[in-house]
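J.: Take a look at this one; I'll ask things after.
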Amino acid sequence: MLGSSSALTQRAGVLLLRWTVAGLMLFHGIAKLQNGIGGIESMLSSMRLPRWLAFGVLIGEIVAPLLVLAGVFVGPAALVIAFNMVVAVAMAHSQQLFALGESGGYALELQAFYFFGSLAIALLASRERRP
């Protein structure tokens, strides 16, 4: 009896983590849909990269979170979110990598939350697939 209750609690925790990371990331994607990806295209151009790569942000901030929320291809979708955060930090936040914010917390705590949260989701999803 204790084992099934523990498994239920663990599943609820994983579901809460998935919905928190993916749901909050989705807001960033919705903002990109509403306001466009011109800023990202400009950053890519300044790095001499093709502007069309900016559409990748829509995959990382809309498609992948929707898959995680739906429980479909959860592991790979979570890895896409993690990769999206690596690219975001490399493109826009690399100067803050070892910095503290104005309130004393880590300057990139939001990006770290998305990165490590999505990695945890991917690891947990791979564990759930095993018999």
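Numbering starts fresh at 1 for the residues of each chain in the structure tokens, the chains themselves are lettered A, B, ... in the order given, and ligands are numbered from 1 as they appear.
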Give me, as a ChimeraX atom specification, the residues of chain A that a backbone DSSP run labels helix (DSSP H, G or I).
T.: /A:2-35,38-46,51-70,74-96,109-129
J.: What's around range 44-49 of chain A at 12 Å? Count only C-alpha atoms, leave out sequence neighbours fewer than 6 positions away in its own chain, and write the answer as a PDB file with C-alpha atoms, in the first residue's frame.
T.:
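Contents of selection21.pdb, freshly written:
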```pdb
ATOM      1  CA  ILE A  37      11.216  37.529 -33.347  1.00  0.00           C
ATOM      2  CA  GLY A  38      12.899  40.547 -34.911  1.00  0.00           C
ATOM      3  CA  PHE A  55      12.384  30.484 -35.865  1.00  0.00           C
ATOM      4  CA  GLY A  56      14.065  27.888 -33.664  1.00  0.00           C
ATOM      5  CA  VAL A  57      12.980  29.927 -30.662  1.00  0.00           C
ATOM      6  CA  VAL A  87      21.419  29.225 -27.009  1.00  0.00           C
ATOM      7  CA  ALA A  88      19.630  32.087 -25.215  1.00  0.00           C
ATOM      8  CA  ALA A  90      25.116  32.196 -25.340  1.00  0.00           C
ATOM      9  CA  MET A  91      23.427  34.828 -27.498  1.00  0.00           C
ATOM     10  CA  ALA A  92      22.085  37.298 -24.966  1.00  0.00           C
TER      11      ALA A  92
END
```
J.: Quick one: distance from CA of Leu97 in chain A to CA of Leu26 in chain A in Å, one decimal?
T.: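 We find that CA of Leu97 in chain A and CA of Leu26 in chain A lie 23.5 Å from each other.
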